[in-house]
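K.L.:
Here you go, this is input.txt (compact mmCIF, C-alpha atoms).
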```txt
# COMPACT_ATOMS: atom_id res chain seq x y z
CA MET P 280 0.17 11.52 -14.57
CA GLU P 281 -1.74 13.36 -17.26
CA GLY P 282 -0.92 15.71 -20.10
CA THR P 283 -1.36 16.70 -23.73
CA VAL P 284 0.12 16.12 -27.16
CA GLN P 285 0.28 19.01 -29.63
CA GLY P 286 1.80 18.20 -32.97
CA ASP P 287 5.09 16.44 -32.28
CA GLU P 288 5.46 17.76 -28.72
CA PHE P 289 4.04 16.39 -25.47
CA VAL P 290 3.82 17.43 -21.82
CA LEU P 291 3.03 15.19 -18.84
CA SER P 292 2.86 16.20 -15.20
CA GLY P 293 2.10 14.71 -11.82
CA PHE P 294 1.93 16.01 -8.25
CA THR P 295 2.18 13.84 -5.15
CA GLY P 296 2.96 16.54 -2.62
CA PRO P 297 6.69 16.09 -1.98
CA SER P 298 7.66 15.14 -5.54
CA PRO P 299 6.02 17.15 -8.35
CA LYS P 300 7.36 16.32 -11.81
CA ILE P 301 6.87 17.52 -15.36
CA TYR P 302 7.92 15.69 -18.51
CA LYS P 303 8.41 17.74 -21.69
CA GLY P 304 9.37 15.98 -24.86
CA LYS P 305 9.28 15.62 -28.60
CA ILE P 306 8.20 12.80 -30.89
CA ASN P 307 11.01 12.48 -33.41
CA ALA P 308 10.65 11.67 -37.10
CA ASP P 309 12.02 8.15 -36.58
CA GLY P 310 9.42 7.37 -33.90
CA THR P 311 11.73 7.81 -30.91
CA ILE P 312 11.08 10.37 -28.19
CA SER P 313 13.37 12.72 -26.31
CA GLY P 314 12.92 15.34 -23.65
CA VAL P 315 13.54 16.50 -20.11
CA ILE P 316 12.15 15.46 -16.71
CA SER P 317 11.99 18.37 -14.28
CA ALA P 318 11.48 18.05 -10.54
CA GLY P 319 12.57 21.59 -9.68
CA ILE P 320 14.54 24.50 -11.05
CA TYR P 321 17.88 22.72 -10.73
CA ASP P 322 16.72 19.11 -11.00
CA ASN P 323 16.45 18.35 -14.72
CA THR P 324 17.18 15.02 -16.37
CA LYS P 325 17.32 14.41 -20.11
CA PHE P 326 15.75 11.25 -21.49
CA ASP P 327 15.45 9.33 -24.75
CA GLY P 328 12.91 6.62 -25.48
CA VAL P 329 12.48 3.84 -28.01
CA LYS P 330 9.26 1.87 -28.46
CA ASP P 331 9.63 -1.73 -27.34
CA ASP P 332 6.69 -4.07 -27.91
CA LYS P 333 8.21 -6.49 -25.39
CA ALA P 334 8.50 -3.94 -22.59
CA GLU P 335 6.86 -5.01 -19.32
CA LEU P 336 6.38 -3.47 -15.92
CA PRO P 337 8.06 -5.22 -12.97
CA ASP P 338 5.88 -7.81 -11.23
CA PRO P 339 4.42 -5.96 -8.19
CA TYR P 340 4.08 -9.29 -6.36
CA LYS P 341 7.83 -9.90 -6.46
CA LEU P 342 9.40 -6.51 -5.75
CA THR P 343 9.04 -6.51 -1.95
CA PHE P 344 9.53 -9.64 0.15
CA LEU P 345 10.74 -10.82 3.53
CA LYS P 346 14.45 -11.26 4.10
CA GLU P 347 15.80 -14.79 4.32
CA GLY P 348 14.97 -16.35 7.67
CA TYR P 349 11.80 -14.30 8.20
CA LYS P 350 8.27 -15.60 7.93
CA LYS P 351 6.50 -12.99 10.01
CA LEU P 352 6.28 -9.24 10.30
CA ASP P 353 6.67 -7.60 13.70
CA PHE P 354 5.96 -4.01 14.68
CA THR P 355 4.51 -1.79 17.37
CA PHE P 356 3.21 1.67 16.48
CA PRO P 357 0.83 4.08 18.24
CA ASP P 358 -2.75 4.42 17.06
CA LEU P 359 -4.33 7.86 16.77
CA THR P 360 -4.98 7.96 20.52
CA GLY P 361 -1.34 7.18 21.27
CA LYS P 362 -2.03 3.57 22.33
CA PRO P 363 0.66 1.12 21.14
CA VAL P 364 -0.67 -1.52 18.76
CA SER P 365 1.17 -4.68 17.73
CA LEU P 366 0.45 -7.62 15.45
CA SER P 367 0.93 -9.82 18.52
CA ASP P 368 -2.14 -8.29 20.21
CA ASP P 369 -5.01 -10.70 20.91
CA LYS P 370 -7.18 -8.79 18.44
CA TYR P 371 -5.13 -10.15 15.54
CA LYS P 372 -4.38 -13.70 16.73
CA GLY P 373 -5.92 -16.32 14.49
CA LYS P 374 -7.10 -13.67 12.03
CA VAL P 375 -6.16 -12.94 8.45
CA VAL P 376 -4.57 -9.49 8.60
CA ILE P 377 -4.14 -6.96 5.80
CA VAL P 378 -1.40 -4.43 6.53
CA GLU P 379 -1.29 -1.28 4.44
CA ILE P 380 1.67 1.10 4.39
CA VAL P 381 0.23 4.45 3.36
CA GLY P 382 0.46 8.23 3.59
CA THR P 383 -2.27 10.84 3.32
CA TRP P 384 -0.06 12.85 0.93
CA CYS P 385 -0.08 9.93 -1.54
CA PRO P 386 -2.98 9.89 -4.08
CA ASN P 387 -2.45 6.21 -4.84
CA CYS P 388 -2.75 5.46 -1.11
CA THR P 389 -6.08 7.27 -1.07
CA ASP P 390 -7.24 5.14 -4.00
CA GLN P 391 -6.17 2.03 -2.12
CA THR P 392 -8.10 3.19 0.97
CA ILE P 393 -11.18 3.76 -1.18
CA PHE P 394 -10.85 0.11 -2.24
CA LEU P 395 -10.01 -1.45 1.13
CA SER P 396 -12.36 0.40 3.49
CA PRO P 397 -15.68 -0.82 1.99
CA TRP P 398 -14.15 -4.26 1.37
CA PHE P 399 -13.18 -4.52 5.04
CA ASN P 400 -16.55 -3.27 6.29
CA LYS P 401 -18.21 -5.99 4.23
CA ASN P 402 -15.83 -8.82 5.15
CA GLN P 403 -14.63 -8.17 8.71
CA LYS P 404 -16.96 -10.71 10.29
CA ARG P 405 -15.33 -13.46 8.23
CA GLY P 406 -12.26 -13.35 10.51
CA VAL P 407 -10.31 -10.54 8.88
CA GLU P 408 -8.56 -7.53 10.38
CA ALA P 409 -6.69 -4.69 8.70
CA ILE P 410 -4.11 -2.16 9.81
CA ALA P 411 -3.04 1.00 8.00
CA ILE P 412 0.38 2.32 8.99
CA GLY P 413 0.61 5.96 8.01
CA PHE P 414 3.92 7.68 7.32
CA GLU P 415 3.32 11.41 7.19
CA GLN P 416 5.14 14.60 6.20
CA LYS P 417 5.85 15.47 9.81
CA ASP P 418 7.25 13.12 12.44
CA SER P 419 4.52 14.19 14.84
CA LEU P 420 1.69 12.14 16.30
CA GLN P 421 -0.34 15.30 16.77
CA TYR P 422 0.02 16.11 13.08
CA ALA P 423 -0.82 12.51 12.14
CA GLN P 424 -3.91 12.58 14.34
CA TYR P 425 -5.21 15.36 12.10
CA THR P 426 -4.15 14.02 8.68
CA LEU P 427 -4.86 10.33 9.29
CA GLY P 428 -7.99 11.24 11.24
CA LYS P 429 -9.30 13.10 8.19
CA LEU P 430 -8.58 10.04 6.04
CA ARG P 431 -10.41 7.79 8.53
CA ASP P 432 -13.47 9.99 8.71
CA LYS P 433 -13.75 10.73 5.00
CA TYR P 434 -13.56 7.10 3.89
CA ASP P 435 -15.31 5.44 6.87
CA VAL P 436 -12.20 3.49 7.86
CA LYS P 437 -13.09 1.08 10.67
CA TYR P 438 -9.77 -0.75 10.94
CA ASP P 439 -6.85 0.46 13.05
CA ILE P 440 -4.80 3.35 11.71
CA LEU P 441 -1.33 3.65 13.21
CA PHE P 442 1.34 6.31 12.93
CA GLY P 443 4.65 4.96 11.65
CA GLY P 444 6.70 8.14 11.44
CA LEU P 445 8.11 10.40 8.76
CA ALA P 446 7.21 9.74 5.12
CA ASP P 447 10.58 8.46 4.02
CA LYS P 448 11.30 5.09 2.40
CA LYS P 449 14.46 4.70 4.48
CA VAL P 450 12.46 5.27 7.65
CA VAL P 451 9.94 2.60 6.63
CA SER P 452 12.77 0.14 5.92
CA GLN P 453 14.31 0.85 9.33
CA LYS P 454 11.03 0.40 11.18
CA LEU P 455 10.06 -2.75 9.26
CA PRO P 456 13.46 -4.50 9.07
CA ALA P 457 12.00 -7.84 7.97
CA LEU P 458 11.36 -6.37 4.50
CA ASN P 459 14.10 -6.70 1.89
CA LYS P 460 13.49 -3.02 1.08
CA PHE P 461 10.64 -0.54 0.87
CA ILE P 462 9.95 0.68 -2.64
CA ALA P 463 6.60 2.42 -2.87
CA PHE P 464 3.60 3.86 -1.08
CA PRO P 465 1.22 2.09 -0.75
CA THR P 466 2.42 -1.44 -0.11
CA THR P 467 -0.01 -4.20 0.88
CA ILE P 468 1.11 -7.07 3.13
CA ILE P 469 -1.29 -9.98 3.61
CA ILE P 470 -0.78 -12.19 6.65
CA ASP P 471 -2.42 -15.58 7.25
CA ARG P 472 -4.06 -16.95 10.41
CA LYS P 473 -0.71 -18.29 11.64
CA GLY P 474 0.79 -14.81 11.47
CA GLU P 475 2.94 -15.61 8.44
CA VAL P 476 3.26 -13.26 5.48
CA ARG P 477 1.68 -14.82 2.41
CA GLU P 478 1.81 -11.99 -0.10
CA ILE P 479 3.27 -8.49 -0.55
CA TYR P 480 2.01 -6.19 -3.29
CA THR P 481 4.04 -3.10 -4.12
CA GLY P 482 1.97 -0.08 -5.20
CA TYR P 483 -1.69 -0.15 -6.07
CA THR P 484 -3.41 -0.91 -9.36
CA GLY P 485 -6.38 1.45 -9.37
CA THR P 486 -9.59 1.50 -11.37
CA VAL P 487 -8.07 3.72 -14.09
CA THR P 488 -5.89 0.79 -15.15
CA GLY P 489 -8.95 -1.09 -16.45
CA LYS P 490 -8.29 -4.79 -16.91
CA TYR P 491 -5.26 -4.64 -14.62
CA TYR P 492 -7.47 -3.42 -11.78
CA LYS P 493 -9.94 -6.23 -12.42
CA GLU P 494 -7.09 -8.74 -12.36
CA TYR P 495 -5.79 -7.26 -9.10
CA GLU P 496 -9.26 -7.27 -7.52
CA LYS P 497 -9.85 -10.90 -8.50
CA LYS P 498 -6.47 -12.09 -7.25
CA PHE P 499 -6.91 -10.14 -3.99
CA ASN P 500 -10.33 -11.68 -3.33
CA ASP P 501 -9.24 -15.17 -4.38
CA LEU P 502 -6.29 -15.10 -1.98
CA LEU P 503 -8.37 -13.73 0.89
CA ASP P 504 -10.99 -16.43 0.33
CA VAL P 505 -8.28 -19.09 0.56
CA LEU P 506 -6.69 -17.63 3.70
CA ILE P 507 -10.02 -17.09 5.46
CA ALA P 508 -10.96 -20.73 4.79
CA GLU P 509 -7.80 -22.01 6.48
CA GLU P 510 -8.03 -23.54 9.95
CA VAL P 511 -7.72 -21.27 12.97
CA PRO P 512 -4.48 -22.17 14.83
CA SER P 513 -4.95 -23.89 18.17
CA ASN P 514 -2.76 -21.30 19.90
CA ALA P 515 -5.13 -18.45 19.01
CA SER P 516 -6.62 -16.90 22.14
CA ALA P 517 -10.07 -17.98 23.34
CA LYS P 518 -11.28 -14.46 22.69
CA SER P 519 -10.09 -14.61 19.10
CA ASN P 520 -11.68 -18.02 18.57
CA ASP P 521 -15.01 -16.77 19.90
CA THR P 522 -14.87 -13.89 17.44
CA LEU P 523 -13.97 -16.16 14.55
CA LYS P 524 -16.90 -18.41 15.40
CA GLY P 525 -19.25 -15.43 15.34
CA LYS P 526 -19.89 -15.34 19.12
```
Can you dump the structure from the file as structure tokens?

P.N.:
Amino acid sequence: MEGTVQGDEFVLSGFTGPSPKIYKGKINADGTISGVISAGIYDNTKFDGVKDDKAELPDPYKLTFLKEGYKKLDFTFPDLTGKPVSLSDDKYKGKVVIVEIVGTWCPNCTDQTIFLSPWFNKNQKRGVEAIAIGFEQKDSLQYAQYTLGKLRDKYDVKYDILFGGLADKKVVSQKLPALNKFIAFPTTIIIDRKGEVREIYTGYTGTVTGKYYKEYEKKFNDLLDVLIAEEVPSNASAKSNDTLKGK
């Protein structure tokens, strides 16, 4: 979001395609704020705010997790040619896999793609794969071939891009039932060589967040270094092992 402050009044706005919002408010004499959040002509919500030096954002590493009894994620979605792709495919056995849940309508997802695509191109030969699952504004593979194809081409994405369905959090939760719930686009799921989920990050902390981005980048790289260094499971296919050994 971005905006302006003029005197004791402020305006903030943001546009993500399906959910434009504008915040109009006033800075009161006692230091509190009050105003209205508008998401349409008839969708207006009043708000009041008090400064709290102890206020903290929720921990993005703890918001989304696997339900009790689950260690792995399982899905099958079509790629942009219509071919079904699954985490159980030989291509991913014995590899560290980064799964991104994204949408081309989502600016934060684009920022995450700008981060992941060059990282993947640099690190793929270390035994890493990535998958982007796109949920778009139409439940149409033909539409997704255009929108996700544009994303792929613009940002030189060399990992698989799959089409998950309509851009709706309830749809994502239904199609990925192992998750406790789906909260935000993008969401990053990191899977180890045994196929077990090791970390889920809700949202994306982009470069504009300064030190928070640097902290995210360091933690991301540190975790990937650890997972890549782990032993390749003996049940990984011969083809996967050859790839991991650089053959």

K.L.:
Please measure the separation of CA of Lys473 (chain P) and CA of Ser367 (chain P), giving the value in Å to one decimal.

P.N.:
11.0 Å

K.L.:
For Gly314 (chain P), list every protein, DNA or RNA residue within 12 Å, evaluated using all atoms listed in the file, and leave out those in the same chain fewer than 3 positions away; present the list as a list in words.

P.N.:
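The filter keeps Asp287, Glu288, Phe289, Val290, Leu291, Ile301, Tyr302, Lys303, Gly304, Lys305, Ile306, Asn307, Thr311, Ser317, Asn323, Thr324, Lys325, Phe326, Asp327 and Gly328 of chain P.
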
K.L.:
Could you check which of P:Lys362, P:Arg477, P:Lys404, P:Lys374 is closest to Phe442 (chain P), using all atoms listed in the file?

P.N.:
P:Lys362

K.L.:
My list of candidates is P:Ser365, P:Gln285, P:Asn387, P:Ser292. Which is closest to Asp439 (chain P) when distances are computed with all atoms listed in the file?

P.N.:
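Counting all atoms listed in the file, the residue closest to Asp439 (chain P) is P:Ser365.
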
K.L.:
Report, in Å to a single decimal, how far apart CA of Ala463 (chain P) and CA of Ser313 (chain P) are.

P.N.:
26.5 Å

K.L.:
In Å, how far is it from CA of Ile468 (chain P) to CA of Gly444 (chain P)?

P.N.:
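So the answer is 18.2 Å.
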
K.L.:
Please write as a PyMOL selection string the list of polymer residues whose atoms come within 12 Å of (15.9, 4.6, 3.8), counting all atoms listed in the file and keeping to the coordinates of the file.

P.N.:
chain P and resi 445-456+458-463

K.L.:
Using only C-alpha atoms, which of the listed residues (P:Asp471, P:Phe394, P:Asn400, P:Lys300) sits closest to Glu496 (chain P)?

P.N.:
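Closest candidate: P:Phe394.
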
K.L.:
To box region 420-427 of chain P, take all atoms listed in the file, fit an axis-aligned box, add 4 Å on each side, and give centre and edge lengths in Å to one decimal, as AutoDock Vina command-line options.

P.N.:
```
--center_x -1.8 --center_y 13.2 --center_z 12.7 --size_x 14.9 --size_y 13.8 --size_z 16.1
```
